[in-house]
Structures are given as structure tokens and as C-alpha cells.
>>> print(open('entry-v3.txt').read())   # compact mmCIF, C-alpha atoms and all ligand atoms
# COMPACT_ATOMS: atom_id res chain seq x y z
CA MET A 2 51.82 102.84 102.17
CA LYS A 3 54.22 103.54 105.08
CA THR A 4 57.56 105.03 104.04
CA GLU A 5 60.32 102.45 104.42
CA LEU A 6 63.31 104.68 103.70
CA ILE A 7 63.84 108.45 103.77
CA LEU A 8 66.84 109.82 101.87
CA VAL A 9 67.70 113.22 103.34
CA GLY A 10 69.26 115.40 100.62
CA GLY A 11 68.78 114.74 96.92
CA GLY A 12 72.41 115.16 95.93
CA LEU A 13 74.60 112.74 94.02
CA ALA A 14 74.84 109.95 96.60
CA ASN A 15 71.19 109.74 97.63
CA SER A 16 69.93 110.17 94.06
CA LEU A 17 72.07 107.19 93.01
CA ILE A 18 70.80 105.12 95.95
CA ALA A 19 67.19 105.93 95.02
CA TYR A 20 67.79 105.24 91.34
CA ARG A 21 69.54 101.92 92.05
CA ILE A 22 66.80 100.69 94.44
CA LEU A 23 64.01 101.71 92.04
CA ARG A 24 65.65 99.87 89.12
CA GLU A 25 65.15 96.64 91.08
CA ARG A 26 61.99 97.56 92.99
CA PRO A 27 60.11 100.31 91.07
CA ASP A 28 57.32 100.57 93.66
CA PHE A 29 59.53 100.68 96.75
CA PRO A 30 58.11 103.16 99.30
CA LEU A 31 61.02 105.55 99.73
CA LEU A 32 61.09 109.34 99.92
CA VAL A 33 63.79 111.83 98.84
CA VAL A 34 63.70 115.18 100.63
CA GLU A 35 65.77 117.93 99.03
CA ARG A 36 65.91 121.60 99.96
CA GLY A 37 66.88 122.72 96.44
CA SER A 38 64.57 122.96 93.44
CA SER A 39 66.06 119.93 91.65
CA LEU A 40 68.16 116.84 92.32
CA GLY A 41 71.95 117.28 92.25
CA ALA A 42 72.20 121.10 92.33
CA ASN A 43 74.76 122.44 89.82
CA HIS A 44 77.50 119.90 89.14
CA THR A 45 79.34 118.10 86.37
CA TRP A 46 80.59 114.84 87.93
CA SER A 47 83.21 112.88 86.02
CA PHE A 48 84.83 109.48 86.43
CA HIS A 49 87.21 107.12 84.66
CA ASP A 50 85.92 103.89 83.08
CA SER A 51 88.31 102.02 85.34
CA ASP A 52 86.74 103.52 88.50
CA LEU A 53 83.68 101.27 88.07
CA THR A 54 82.96 97.66 87.15
CA GLY A 55 81.25 96.79 83.84
CA ASP A 56 77.91 96.23 85.65
CA GLN A 57 78.19 99.58 87.41
CA ARG A 58 78.96 101.40 84.16
CA ARG A 59 75.89 99.75 82.59
CA TRP A 60 73.45 100.94 85.23
CA MET A 61 75.05 104.40 85.21
CA GLU A 62 74.78 104.62 81.40
CA PRO A 63 71.47 106.62 81.27
CA LEU A 64 73.08 109.30 83.46
CA ILE A 65 76.17 109.82 81.33
CA THR A 66 76.03 112.86 79.05
CA HIS A 67 79.54 112.66 77.57
CA ARG A 68 82.15 109.98 77.10
CA TRP A 69 85.68 110.25 75.70
CA SER A 70 87.97 107.31 74.98
CA ASN A 71 91.16 108.94 76.30
CA HIS A 72 92.42 111.97 78.17
CA GLU A 73 95.56 114.10 78.33
CA LEU A 74 97.90 115.38 81.03
CA ARG A 75 100.28 118.30 80.49
CA PHE A 76 103.22 119.24 82.72
CA PRO A 77 106.27 121.45 82.06
CA GLY A 78 108.39 118.32 81.50
CA ARG A 79 105.81 115.73 80.41
CA LEU A 80 102.90 115.36 77.99
CA ARG A 81 100.88 112.18 78.31
CA THR A 82 97.74 110.68 76.77
CA ILE A 83 96.07 107.87 78.72
CA ASN A 84 93.72 105.47 76.98
CA ASP A 85 91.19 105.12 79.76
CA GLY A 86 87.66 106.28 78.99
CA TYR A 87 86.42 109.35 80.84
CA ASN A 88 82.72 110.07 81.49
CA SER A 89 80.64 113.00 82.69
CA VAL A 90 77.28 113.08 84.41
CA THR A 91 75.49 116.40 84.76
CA SER A 92 73.09 117.34 87.53
CA GLU A 93 70.47 118.23 84.84
CA ARG A 94 70.64 114.67 83.48
CA LEU A 95 70.56 113.19 87.00
CA HIS A 96 67.33 115.10 87.66
CA GLU A 97 65.83 114.23 84.24
CA VAL A 98 66.39 110.50 84.83
CA VAL A 99 65.88 110.06 88.58
CA ALA A 100 62.96 112.45 89.25
CA PRO A 101 60.51 110.60 86.91
CA ALA A 102 61.54 107.26 88.46
CA LEU A 103 60.65 108.73 91.87
CA GLY A 104 57.31 110.13 90.71
CA GLY A 105 55.51 111.39 93.82
CA ARG A 106 58.25 110.09 96.15
CA ILE A 107 60.25 113.31 96.09
CA ARG A 108 59.83 116.56 98.01
CA LEU A 109 61.81 119.43 96.54
CA GLY A 110 62.20 122.85 98.14
CA THR A 111 61.87 121.11 101.52
CA GLU A 112 64.46 121.67 104.23
CA VAL A 113 65.02 119.05 106.92
CA ALA A 114 65.68 120.45 110.40
CA GLU A 115 66.20 117.22 112.37
CA VAL A 116 67.27 113.73 111.40
CA THR A 117 66.80 110.65 113.61
CA PRO A 118 67.09 106.91 112.84
CA GLY A 119 63.29 106.62 112.65
CA GLY A 120 62.30 109.80 110.82
CA ILE A 121 62.80 113.47 110.10
CA VAL A 122 61.40 116.82 111.15
CA LEU A 123 61.07 119.54 108.51
CA THR A 124 61.75 123.21 109.21
CA ASN A 125 57.96 123.81 109.13
CA GLY A 126 57.60 121.35 112.04
CA GLU A 127 56.12 118.47 110.00
CA ARG A 128 57.34 115.04 111.13
CA ILE A 129 57.73 112.11 108.73
CA ASP A 130 58.42 108.63 110.13
CA ALA A 131 60.13 105.77 108.33
CA ARG A 132 61.78 102.44 109.14
CA ALA A 133 65.18 103.87 108.17
CA VAL A 134 66.81 107.16 107.19
CA ILE A 135 69.98 107.90 105.22
CA ASP A 136 71.60 111.28 105.78
CA GLY A 137 73.15 112.50 102.50
CA ARG A 138 73.25 116.24 103.22
CA GLY A 139 76.76 116.68 101.77
CA ASP A 140 80.04 117.66 103.41
CA PRO A 141 79.39 118.11 107.17
CA GLY A 142 82.51 120.30 107.67
CA GLY A 143 83.77 120.17 111.26
CA SER A 144 87.29 119.71 112.51
CA TYR A 145 87.69 115.93 112.85
CA LEU A 146 89.55 115.48 109.60
CA ASP A 147 92.89 117.13 108.92
CA ILE A 148 92.49 118.44 105.38
CA GLY A 149 93.96 120.46 102.54
CA PHE A 150 91.72 121.69 99.73
CA GLN A 151 91.14 121.13 96.05
CA LYS A 152 89.34 124.30 95.00
CA PHE A 153 88.20 125.24 91.54
CA LEU A 154 85.93 127.37 89.43
CA GLY A 155 84.84 126.36 85.94
CA LEU A 156 83.24 128.32 83.09
CA PHE A 157 81.00 126.72 80.46
CA VAL A 158 82.20 128.49 77.34
CA ARG A 159 81.37 128.64 73.66
CA LEU A 160 84.38 129.31 71.44
CA ALA A 161 84.41 131.25 68.19
CA GLU A 162 86.49 128.51 66.46
CA PRO A 163 86.95 124.77 67.20
CA HIS A 164 89.39 124.13 70.08
CA GLY A 165 91.12 121.24 68.28
CA LEU A 166 91.20 118.93 71.32
CA ALA A 167 90.74 115.16 70.84
CA GLY A 168 89.58 114.64 74.44
CA PRO A 169 89.64 116.16 77.93
CA ILE A 170 92.77 117.62 79.47
CA LEU A 171 92.51 116.47 83.09
CA MET A 172 95.51 118.49 84.23
CA ASP A 173 97.33 121.21 82.34
CA ALA A 174 99.98 122.23 84.85
CA THR A 175 102.03 124.27 82.38
CA VAL A 176 100.25 127.32 83.86
CA GLU A 177 101.83 129.63 86.47
CA GLN A 178 102.11 127.80 89.80
CA VAL A 179 100.46 129.96 92.49
CA ASP A 180 98.42 129.14 95.63
CA GLY A 181 99.67 125.52 95.72
CA TYR A 182 99.50 123.04 92.85
CA ARG A 183 97.62 124.76 90.03
CA PHE A 184 96.28 123.23 86.84
CA VAL A 185 93.54 123.83 84.28
CA TYR A 186 90.98 121.10 83.57
CA THR A 187 89.12 121.16 80.24
CA LEU A 188 86.17 119.01 79.17
CA PRO A 189 85.38 119.53 75.47
CA PHE A 190 81.64 118.81 75.11
CA SER A 191 81.65 119.62 71.38
CA ASN A 192 84.10 121.22 68.94
CA THR A 193 83.27 124.67 70.24
CA VAL A 194 81.70 124.10 73.69
CA ALA A 195 83.80 123.29 76.77
CA LEU A 196 83.99 123.44 80.53
CA ILE A 197 87.30 125.04 81.56
CA GLU A 198 88.22 124.92 85.26
CA ASP A 199 91.04 126.69 87.08
CA THR A 200 92.04 124.35 89.94
CA TYR A 201 94.31 124.60 93.00
CA TYR A 202 95.56 122.06 95.56
CA ALA A 203 95.75 124.82 98.16
CA ASP A 204 96.24 125.17 101.91
CA GLU A 205 93.32 127.57 102.32
CA PRO A 206 89.71 127.08 101.17
CA HIS A 207 89.08 130.70 100.16
CA LEU A 208 87.97 130.91 96.51
CA ASP A 209 88.72 134.21 94.80
CA ARG A 210 86.13 133.76 92.04
CA GLN A 211 87.16 136.80 90.02
CA ARG A 212 90.82 135.74 90.01
CA LEU A 213 89.86 132.24 88.80
CA ARG A 214 87.59 133.63 86.06
CA SER A 215 90.48 135.79 84.85
CA GLY A 216 92.79 132.76 85.05
CA ILE A 217 90.48 130.87 82.68
CA GLU A 218 90.28 133.80 80.26
CA ASP A 219 94.10 134.09 80.20
CA TYR A 220 94.43 130.34 79.68
CA ALA A 221 91.97 130.40 76.76
CA LYS A 222 93.92 133.25 75.14
CA LYS A 223 97.18 131.29 75.44
CA GLN A 224 95.52 128.33 73.65
CA ASP A 225 94.31 130.76 70.92
CA TRP A 226 90.72 130.07 71.90
CA VAL A 227 88.37 133.03 71.55
CA ILE A 228 85.53 132.81 74.10
CA SER A 229 82.38 134.09 72.38
CA SER A 230 80.02 133.46 75.33
CA VAL A 231 79.86 132.00 78.83
CA SER A 232 76.68 130.06 79.59
CA GLY A 233 77.34 129.26 83.25
CA GLU A 234 79.83 128.37 85.91
CA GLU A 235 80.38 125.85 88.71
CA ALA A 236 82.71 125.94 91.68
CA GLY A 237 83.80 123.66 94.48
CA VAL A 238 86.09 123.33 97.48
CA LEU A 239 86.77 119.65 98.12
CA PRO A 240 88.59 118.06 101.08
CA ILE A 241 91.98 116.41 100.51
CA VAL A 242 92.53 114.28 103.60
CA LEU A 243 95.89 114.30 105.41
CA GLY A 244 94.81 112.57 108.62
CA GLY A 245 92.19 112.81 111.34
CA ASP A 246 89.85 110.80 113.49
CA ILE A 247 87.19 108.88 111.57
CA ASP A 248 85.53 107.64 114.80
CA ALA A 249 85.10 111.20 116.06
CA PHE A 250 83.80 112.20 112.60
CA TRP A 251 81.03 109.59 112.96
CA ASP A 252 80.44 110.06 116.71
CA VAL A 253 79.35 113.64 116.15
CA GLY A 254 75.97 112.33 114.96
CA PRO A 255 73.07 112.45 114.41
CA GLU A 256 73.43 109.31 116.49
CA GLY A 257 72.55 105.99 114.88
CA VAL A 258 71.69 107.48 111.47
CA ALA A 259 73.11 105.91 108.29
CA ARG A 260 75.07 108.25 106.01
CA SER A 261 75.95 108.47 102.34
CA GLY A 262 78.30 110.50 100.13
CA MET A 263 80.48 113.24 101.60
CA ARG A 264 78.39 113.13 104.80
CA GLY A 265 79.82 109.65 105.45
CA ALA A 266 83.39 110.41 104.21
CA PHE A 267 82.82 108.27 101.11
CA PHE A 268 85.27 110.02 98.80
CA HIS A 269 88.72 109.58 97.28
CA PRO A 270 91.26 111.08 99.70
CA THR A 271 93.48 112.58 96.97
CA THR A 272 90.83 114.07 94.69
CA GLY A 273 87.83 114.65 96.95
CA TYR A 274 85.79 112.92 94.19
CA SER A 275 82.91 110.82 95.48
CA LEU A 276 81.10 109.43 92.43
CA PRO A 277 82.75 105.97 92.36
CA GLU A 278 82.18 105.44 96.10
CA ALA A 279 78.58 106.64 95.73
CA VAL A 280 78.00 104.04 92.99
CA ARG A 281 79.49 101.27 95.17
CA LEU A 282 77.40 102.28 98.16
CA ALA A 283 74.24 102.44 96.02
CA ASP A 284 74.93 98.89 94.83
CA GLU A 285 75.40 97.62 98.35
CA ILE A 286 72.33 99.36 99.76
CA ALA A 287 70.10 98.26 96.87
CA ALA A 288 71.04 94.64 97.59
CA ILE A 289 69.64 94.80 101.15
CA PRO A 290 66.37 92.82 101.24
CA ASP A 291 64.90 94.61 104.24
CA PHE A 292 65.72 98.16 105.37
CA GLU A 293 66.10 98.61 109.09
CA SER A 294 67.70 101.64 110.74
CA THR A 295 70.32 99.92 112.95
CA LEU A 296 71.41 97.61 110.16
CA LEU A 297 71.77 100.51 107.70
CA PHE A 298 73.65 102.66 110.22
CA GLU A 299 76.08 99.83 111.00
CA LEU A 300 76.58 99.04 107.33
CA THR A 301 77.41 102.62 106.32
CA ARG A 302 79.63 103.33 109.33
CA ARG A 303 81.54 100.07 108.89
CA ARG A 304 82.02 100.74 105.16
CA SER A 305 83.27 104.26 105.84
CA GLU A 306 85.73 103.05 108.50
CA GLU A 307 86.98 100.28 106.19
CA LEU A 308 87.51 102.82 103.42
CA TRP A 309 89.45 104.98 105.87
CA ARG A 310 91.70 102.07 106.86
CA ARG A 311 92.29 101.07 103.23
CA THR A 312 93.27 104.60 102.22
CA GLY A 313 95.99 105.34 104.81
CA TYR A 314 98.58 105.25 102.02
CA TYR A 315 96.74 107.98 100.09
CA ARG A 316 96.76 110.17 103.19
CA LEU A 317 100.52 109.64 103.45
CA LEU A 318 100.95 110.83 99.84
CA ASN A 319 98.68 113.78 100.58
CA ARG A 320 100.84 114.77 103.57
CA MET A 321 103.90 114.64 101.33
CA LEU A 322 102.10 116.82 98.82
CA TYR A 323 100.95 119.40 101.37
CA ARG A 324 103.69 119.24 104.00
CA ALA A 325 106.90 118.12 102.32
CA ALA A 326 106.67 119.98 99.00
CA GLU A 327 106.90 123.76 98.70
CA PRO A 328 103.44 124.87 97.46
CA GLU A 329 104.70 126.11 94.07
CA LEU A 330 106.72 122.88 93.56
CA ARG A 331 103.81 120.52 94.34
CA PHE A 332 103.28 120.00 90.62
CA ARG A 333 106.48 117.92 90.54
CA ILE A 334 104.79 115.16 92.56
CA PHE A 335 102.02 114.84 89.95
CA GLU A 336 104.47 115.24 87.06
CA ARG A 337 106.50 112.32 88.41
CA PHE A 338 103.38 110.26 89.19
CA TYR A 339 102.20 110.59 85.58
CA GLY A 340 105.44 108.99 84.42
CA LEU A 341 104.25 105.70 85.98
CA PRO A 342 102.55 102.89 84.00
CA ASP A 343 98.91 103.30 82.84
CA GLY A 344 97.68 100.36 84.94
CA LEU A 345 99.11 101.81 88.14
CA ILE A 346 97.54 105.21 87.44
CA ARG A 347 94.15 103.54 86.88
CA ARG A 348 94.47 101.57 90.10
CA PHE A 349 95.43 104.75 91.97
CA TYR A 350 92.21 106.54 91.03
CA SER A 351 89.99 103.50 91.48
CA GLY A 352 91.47 102.92 94.96
CA GLN A 353 92.80 99.46 93.99
CA LEU A 354 96.55 99.95 94.47
CA LYS A 355 98.55 96.75 94.96
CA TRP A 356 101.40 96.74 97.48
CA THR A 357 103.88 96.64 94.58
CA ASP A 358 102.27 99.82 93.18
CA LYS A 359 102.67 101.49 96.56
CA VAL A 360 106.38 100.72 96.58
CA ARG A 361 106.74 101.81 92.95
CA VAL A 362 105.16 105.22 93.66
CA LEU A 363 107.67 105.91 96.42
CA ILE A 364 110.94 104.54 95.05
CA GLY A 365 113.40 106.58 93.00
CA LYS A 366 114.61 110.14 93.43
CA PRO A 367 111.97 111.82 95.61
CA PRO A 368 110.48 115.05 94.22
CA VAL A 369 110.48 116.46 97.80
CA PRO A 370 113.29 116.84 100.43
CA VAL A 371 113.84 113.45 102.13
CA HIS A 372 113.93 114.83 105.69
CA ARG A 373 110.54 116.48 105.14
CA ALA A 374 109.11 113.34 103.53
CA LEU A 375 110.17 111.31 106.58
CA ARG A 376 108.31 113.68 108.89
CA CYS A 377 105.12 112.84 106.97
CA LEU A 378 105.25 109.15 107.81
CA THR A 379 103.28 109.52 111.03
CA GLU A 380 99.59 110.27 110.74
CA SER A 381 98.02 112.53 113.33
CA HIS A 382 94.73 111.13 114.58
CA ARG A 383 93.95 114.27 116.50
CA PRO A 384 91.40 116.69 115.15
CA ASN A 385 93.14 119.59 113.37
CA LYS A 386 91.63 122.31 115.53
C1 LIG A 401 81.28 121.70 91.35
C2 LIG A 401 81.70 120.33 91.81
C3 LIG A 401 82.17 119.42 90.88
C4 LIG A 401 82.55 118.13 91.29
N1 LIG A 401 83.02 117.27 90.35
C5 LIG A 401 83.24 115.98 90.71
C6 LIG A 401 83.60 115.02 89.73
O1 LIG A 401 83.84 115.37 88.56
N2 LIG A 401 83.68 113.70 90.09
C7 LIG A 401 83.45 113.31 91.38
O2 LIG A 401 83.48 112.10 91.66
N3 LIG A 401 83.21 114.22 92.34
C8 LIG A 401 83.09 115.54 92.05
N4 LIG A 401 82.79 116.44 93.02
C9 LIG A 401 82.87 116.03 94.43
C10 LIG A 401 81.66 115.27 94.97
O3 LIG A 401 81.46 114.09 94.22
C11 LIG A 401 80.40 116.12 94.92
O4 LIG A 401 80.55 117.13 95.88
C12 LIG A 401 79.11 115.34 95.17
O5 LIG A 401 78.04 116.15 94.76
C13 LIG A 401 78.94 114.90 96.61
O6 LIG A 401 77.74 114.16 96.68
P1 LIG A 401 76.83 114.12 97.99
O7 LIG A 401 75.59 113.41 97.63
O8 LIG A 401 77.63 113.65 99.13
O9 LIG A 401 76.52 115.64 98.31
P2 LIG A 401 75.74 116.70 97.43
O10 LIG A 401 75.72 116.30 96.00
O11 LIG A 401 76.32 118.02 97.80
O12 LIG A 401 74.26 116.60 97.95
C14 LIG A 401 73.82 117.03 99.21
C15 LIG A 401 72.38 117.48 99.03
O13 LIG A 401 71.77 117.64 100.30
C16 LIG A 401 70.93 118.77 100.23
N5 LIG A 401 70.72 119.25 101.61
C17 LIG A 401 71.67 119.71 102.46
N6 LIG A 401 71.10 120.03 103.64
C18 LIG A 401 69.78 119.74 103.52
C19 LIG A 401 68.68 119.84 104.41
N7 LIG A 401 68.83 120.31 105.66
N8 LIG A 401 67.45 119.47 103.98
C20 LIG A 401 67.28 118.99 102.70
N9 LIG A 401 68.30 118.88 101.82
C21 LIG A 401 69.53 119.25 102.23
C22 LIG A 401 71.69 119.75 99.35
O14 LIG A 401 70.85 120.74 98.81
C23 LIG A 401 72.28 118.82 98.31
O15 LIG A 401 71.45 118.69 97.17
C24 LIG A 401 82.45 117.75 92.66
C25 LIG A 401 82.01 118.69 93.58
C26 LIG A 401 81.65 119.96 93.17
C27 LIG A 401 81.19 120.95 94.22
>>> encode(input="entry-v3.txt", output="C-alpha cells")
Amino acid sequence: MKTELILVGGGLANSLIAYRILRERPDFPLLVVERGSSLGANHTWSFHDSDLTGDQRRWMEPLITHRWSNHELRFPGRLRTINDGYNSVTSERLHEVVAPALGGRIRLGTEVAEVTPGGIVLTNGERIDARAVIDGRGDPGGSYLDIGFQKFLGLFVRLAEPHGLAGPILMDATVEQVDGYRFVYTLPFSNTVALIEDTYYADEPHLDRQRLRSGIEDYAKKQDWVISSVSGEEAGVLPIVLGGDIDAFWDVGPEGVARSGMRGAFFHPTTGYSLPEAVRLADEIAAIPDFESTLLFELTRRRSEELWRRTGYYRLLNRMLYRAAEPELRFRIFERFYGLPDGLIRRFYSGQLKWTDKVRVLIGKPPVPVHRALRCLTESHRPNK
């Protein structure tokens, strides 16, 4: 049967699109082409219950490896527990669930050299045609978005004694503030197994892996946790968007090709997290009765541009974080934010802020100098280089 849809890159976004389509149409002739040896590489993706609708959480259920009913935040002047469920999906589980659903419709260890609206060319010269193609090859880089960075390294550790946590700590900012806003993120997978990540909202993307590993070891010691073994690690450098030119981002091509995930700027501007947007895009694509390249391209570009327009306020907050606050005082912005009501915090992360929320976030004694905050009001649409 002729291939209807090629998904280039078997990362989070394209795996979810494939999985969502195949739930409705198990025999659909699609093809996932991934250069790695499995779907999803090496990631632990997490999301709040409130990021997704009930229907979306239901179809994501088989991919979820851990769920906690609340999570904690720790700042020098504030401790807070929020009763919003938190979920993790691992790349191993993604592969275990999605690869069997694909059966023979997956090519692993296969690098794509060229992507066009009607097909792809592999690095070995083989050409594969299809009615439509979705480019999900991850963050394209480039200089069209003006960005800061959320960079982190996490260790999967086994502890000698139980850690005593009731749920995840999404931000522990009681640690020394260096290289921007620094916090430690801990996901307790069992009483003695956890992922501990040292995280920075930094100006520069460079990741000093050894320094972050030591940061995690020091943090564990301060919690009286004895690390008996480390079974693995994961690291990332995610874009935090301050401004930029979304049209130029899309114009750079490949021309006329639909995009998903980070490749299409489908991520939360303040966290760089893309799972909720990937779920929404998968829903929308799976509902299309007939895949056609122009239609898919227009749908994904329009969606990305709409997301950009809707998230201008987040970029303003990001500019205040990166440009108005001194790097080592950035934590104050988050410390103040986490004094706001639960509902507002949920709407912030799910991208559903009401105009009253937007006012509420900004009123009161600003945690940054007013004259610097005012300079952040204007967004630069010029590329940053
Ligand atoms: C370690 C880490 C943890 C993260 N945690 C979270 C989280 O908790 N929650 C959240 O929402 N977001 C998280 N993110 C951010 C974001 O959601 C992820 O980066 C996510 O994986 C992006 O999905 P994607 O499909 O756009 O890209 P990717 O998942 O990066 O997938 C792109 C795929 O394309 C493949 N590829 C690239 N080029 C080619 C080619 N030429 N030919 C064939 N294949 C190719 C790659 O091998 C890769 O598998 C995390 C990111 C990282 C790095």
C-alpha cells in the first residue's frame, strides 16, 4: 500500500501523532523514520494533570509510568504544596507502547537527508514518496528566536535509605543561586529511587556536566540522602523565548513541509516543555480525514503562529526574568509567583491564563526594578543575531 504519511524523527511529538492516528485507524499506511535505535531517545517527560483535558489524559494513560497526586515547591521564603497531579512518561515506555502499534511501519537507525512535502531522501540515497510529510526532527536551532536557556542534568539514583518525600519537588530553590535562577528538581519513583536534576535558567547554553553532577551530590548530602548507585543520567538545554520572528522561523524551510514538536515551535515559552502541545497537535492531526501535504503544512504553521500570538504575555514575563532581574535574584520572580492562587498557577502552565490572571501576576510590589521592567515591555521581532 502507498505510504500516506511520513513522520520524520521518532521523538516525542511524532510518536504521539503516530500513536494517536493508529488508535483510531490501526491499519493506516504511515511510516516513522528515526535515526536513533529506539523511539524517544533518552527522556523523562512530565506534565501536570491540568495541562491536558480528561480525554487527553485517558489516551496518554498507557504511556504514563508514574503519577503523583501533588507536588512541592521550596524557596528561601516560601514552602508550598500544590494539589495538582503530576505525571511522567519515559522514552522506554513510549517505545514499548508505540513501536508494537507501528509494527513494520517504523525504520530505526535511518537518517533522513532531505525532506520535501511529497517525500524524503535518506542519507543512503533511497527516496520514499508519500502524500504528506511531517518534520519532527527536534529543535532546529537558528537565530530567529531570541532565547534564554533552561539547562539541566539529572541523575537516576538509588538511595541507601528512603528519601521520605511524599511527592515530587518541582523546584527547590533553597540551593546556592549561581548561573541564573537555579533549582533542584526531584522525582521520587519509589522510596529509594529518584531522578534528581540540577537546573538553571541561564543566559548561556553551555552545560558543565561535571559541575552539575557535583551539585546533585552536594544537594543529596544536604538532604541526608546517601546515594548508593547511579543508574543513568539525562540532560537538556531548552529554549526560553524572549522574542523573535515566528514568520522567519517558519520561512527557513524546508518549504511547504508540516512540522511538529520543537521543530514547529510547539512548546511552552517559559519552561521549554512541549508535551502538552504535542498531545494537542496529535489530537488535531488524528482528526483529519484525509492527509494532504498543503493542508497539513498550513494547519501546523497556522497553529504555531496562533500559539505564538497567544503567548506574547509569557515572553514579556520571560524578558523580565532574563533582562530586568539580576541573574542571582531571578528566583524572587518564581518565589513571588508561587504565592499566587492554585488555579492561576495551573492556568499558567496549561497556557490558559485569563486576562484577570495576567493583571494579578503583575500587580503588587515588583520583584525587579521598575525602570528595568518597563524596558521589557517592547518585544523585539528582529532575529537575535
Ligand atoms: C532530557 C529532557 C527532558 C525533558 N523533559 C521534559 C518534560 O518533563 N516535559 C516536557 O513537556 N518537555 C520536556 N522536555 C522538552 C521537550 O518536550 C523535549 O525536548 C521533547 O523530546 C521534544 O519533542 P520533539 O518530538 O519535538 O523532539 P525530540 O523528542 O527531540 O525528537 C526528535 C527526533 O528526531 C530524530 N531526528 C533528528 N534528525 C533526524 C534525521 N535527520 N533523520 C531521522 N531522525 C532524526 C531524533 O533522533 C529524535 O528522536 C525535555 C527535554 C529534554 C532534552
>>> residues_near_point(input="entry-v3.txt", point="(93.4, 105.0, 92.2)", cutoff="12 Å", atoms="only C-alpha atoms", output="short mmCIF file (atom, residue, chain, number, x, y, z; two decimals) with C-alpha atoms, in the frame of the given file")
data_model
loop_
_atom_site.label_atom_id
_atom_site.label_comp_id
_atom_site.auth_asym_id
_atom_site.auth_seq_id
_atom_site.Cartn_x
_atom_site.Cartn_y
_atom_site.Cartn_z
CA PHE A 48 84.83 109.48 86.43
CA HIS A 49 87.21 107.12 84.66
CA ASP A 50 85.92 103.89 83.08
CA SER A 51 88.31 102.02 85.34
CA ASP A 52 86.74 103.52 88.50
CA LEU A 53 83.68 101.27 88.07
CA PHE A 268 85.27 110.02 98.80
CA HIS A 269 88.72 109.58 97.28
CA PRO A 270 91.26 111.08 99.70
CA THR A 271 93.48 112.58 96.97
CA THR A 272 90.83 114.07 94.69
CA TYR A 274 85.79 112.92 94.19
CA PRO A 277 82.75 105.97 92.36
CA GLU A 278 82.18 105.44 96.10
CA ARG A 311 92.29 101.07 103.23
CA THR A 312 93.27 104.60 102.22
CA TYR A 314 98.58 105.25 102.02
CA TYR A 315 96.74 107.98 100.09
CA PHE A 338 103.38 110.26 89.19
CA ASP A 343 98.91 103.30 82.84
CA GLY A 344 97.68 100.36 84.94
CA LEU A 345 99.11 101.81 88.14
CA ILE A 346 97.54 105.21 87.44
CA ARG A 347 94.15 103.54 86.88
CA ARG A 348 94.47 101.57 90.10
CA PHE A 349 95.43 104.75 91.97
CA TYR A 350 92.21 106.54 91.03
CA SER A 351 89.99 103.50 91.48
CA GLY A 352 91.47 102.92 94.96
CA GLN A 353 92.80 99.46 93.99
CA LEU A 354 96.55 99.95 94.47
CA LYS A 355 98.55 96.75 94.96
CA ASP A 358 102.27 99.82 93.18
CA LYS A 359 102.67 101.49 96.56
CA VAL A 362 105.16 105.22 93.66
#
>>> residues_near_ligand(input="entry-v3.txt", ligand="ligand LIG 401 (chain A)", cutoff="6 Å", atoms="all atoms listed in the file", output="ChimeraX atom specification")
/A:9-15,34-37,41-42,44-48,111-114,137-139,235-237,262-264,273-276
>>> atom_distance(input="entry-v3.txt", atom1="CA of Ile148 (chain A)", atom2="CA of Pro240 (chain A)")
5.8 Å
>>> atom_distance(input="entry-v3.txt", atom1="CA of Thr295 (chain A)", atom2="CA of Asp130 (chain A)")
15.0 Å
>>> atom_distance(input="entry-v3.txt", atom1="CA of Leu156 (chain A)", atom2="CA of Ile197 (chain A)")
5.4 Å
>>> residues_near_point(input="entry-v3.txt", point="(92.5, 114.9, 74.4)", cutoff="12 Å", atoms="all atoms listed in the file", output="number ranges by chain")
A: 68-75, 80-87, 164-173, 186-190, 192
>>> closest_residue(input="entry-v3.txt", among="A:Leu154, A:Pro30, A:Ala133, A:Leu8", to="Arg108 (chain A)", atoms="only C-alpha atoms")
A:Leu8
>>> closest_residue(input="entry-v3.txt", among="A:Arg128, A:Arg79, A:Arg26, A:Arg183", to="Pro328 (chain A)", atoms="all atoms listed in the file")
A:Arg183
>>> decode(input="entry-v3.txt", residues="region 224-266 of chain A", atoms="C-alpha atoms", output="mmCIF file, in the first residue's frame")
data_model
loop_
_atom_site.group_PDB
_atom_site.id
_atom_site.type_symbol
_atom_site.label_atom_id
_atom_site.label_comp_id
_atom_site.auth_asym_id
_atom_site.auth_seq_id
_atom_site.Cartn_x
_atom_site.Cartn_y
_atom_site.Cartn_z
ATOM 1 C CA GLN A 224 19.000 16.231 52.428
ATOM 2 C CA ASP A 225 20.794 13.393 54.312
ATOM 3 C CA TRP A 226 20.313 11.114 51.333
ATOM 4 C CA VAL A 227 23.129 8.629 50.754
ATOM 5 C CA ILE A 228 23.444 7.793 47.039
ATOM 6 C CA SER A 229 24.318 4.091 46.794
ATOM 7 C CA SER A 230 24.322 3.922 42.974
ATOM 8 C CA VAL A 231 23.640 5.961 39.841
ATOM 9 C CA SER A 232 21.887 4.041 37.063
ATOM 10 C CA GLY A 233 21.883 6.755 34.388
ATOM 11 C CA GLU A 234 21.585 10.399 33.561
ATOM 12 C CA GLU A 235 19.723 12.752 31.224
ATOM 13 C CA ALA A 236 20.448 16.322 30.225
ATOM 14 C CA GLY A 237 18.816 19.082 28.241
ATOM 15 C CA VAL A 238 19.132 22.685 27.123
ATOM 16 C CA LEU A 239 15.673 24.065 26.386
ATOM 17 C CA PRO A 240 14.757 27.421 24.810
ATOM 18 C CA ILE A 241 13.033 30.066 26.946
ATOM 19 C CA VAL A 242 11.606 32.536 24.441
ATOM 20 C CA LEU A 243 12.015 36.293 24.955
ATOM 21 C CA GLY A 244 11.005 37.447 21.472
ATOM 22 C CA GLY A 245 11.805 36.822 17.831
ATOM 23 C CA ASP A 246 10.287 36.390 14.416
ATOM 24 C CA ILE A 247 7.998 33.379 14.070
ATOM 25 C CA ASP A 248 7.469 34.005 10.330
ATOM 26 C CA ALA A 249 11.213 33.932 9.685
ATOM 27 C CA PHE A 250 11.449 30.787 11.851
ATOM 28 C CA TRP A 251 8.973 29.058 9.517
ATOM 29 C CA ASP A 252 10.221 30.647 6.269
ATOM 30 C CA VAL A 253 13.602 28.990 6.692
ATOM 31 C CA GLY A 254 12.056 25.727 5.458
ATOM 32 C CA PRO A 255 12.049 23.036 4.231
ATOM 33 C CA GLU A 256 9.418 24.902 2.245
ATOM 34 C CA GLY A 257 5.837 23.698 2.448
ATOM 35 C CA VAL A 258 6.566 20.879 4.921
ATOM 36 C CA ALA A 259 4.361 20.427 8.005
ATOM 37 C CA ARG A 260 6.173 20.437 11.363
ATOM 38 C CA SER A 261 5.604 19.041 14.829
ATOM 39 C CA GLY A 262 7.136 19.453 18.299
ATOM 40 C CA MET A 263 10.132 21.718 18.863
ATOM 41 C CA ARG A 264 10.688 21.844 15.082
ATOM 42 C CA GLY A 265 7.430 23.813 14.804
ATOM 43 C CA ALA A 266 7.920 25.917 17.991
#
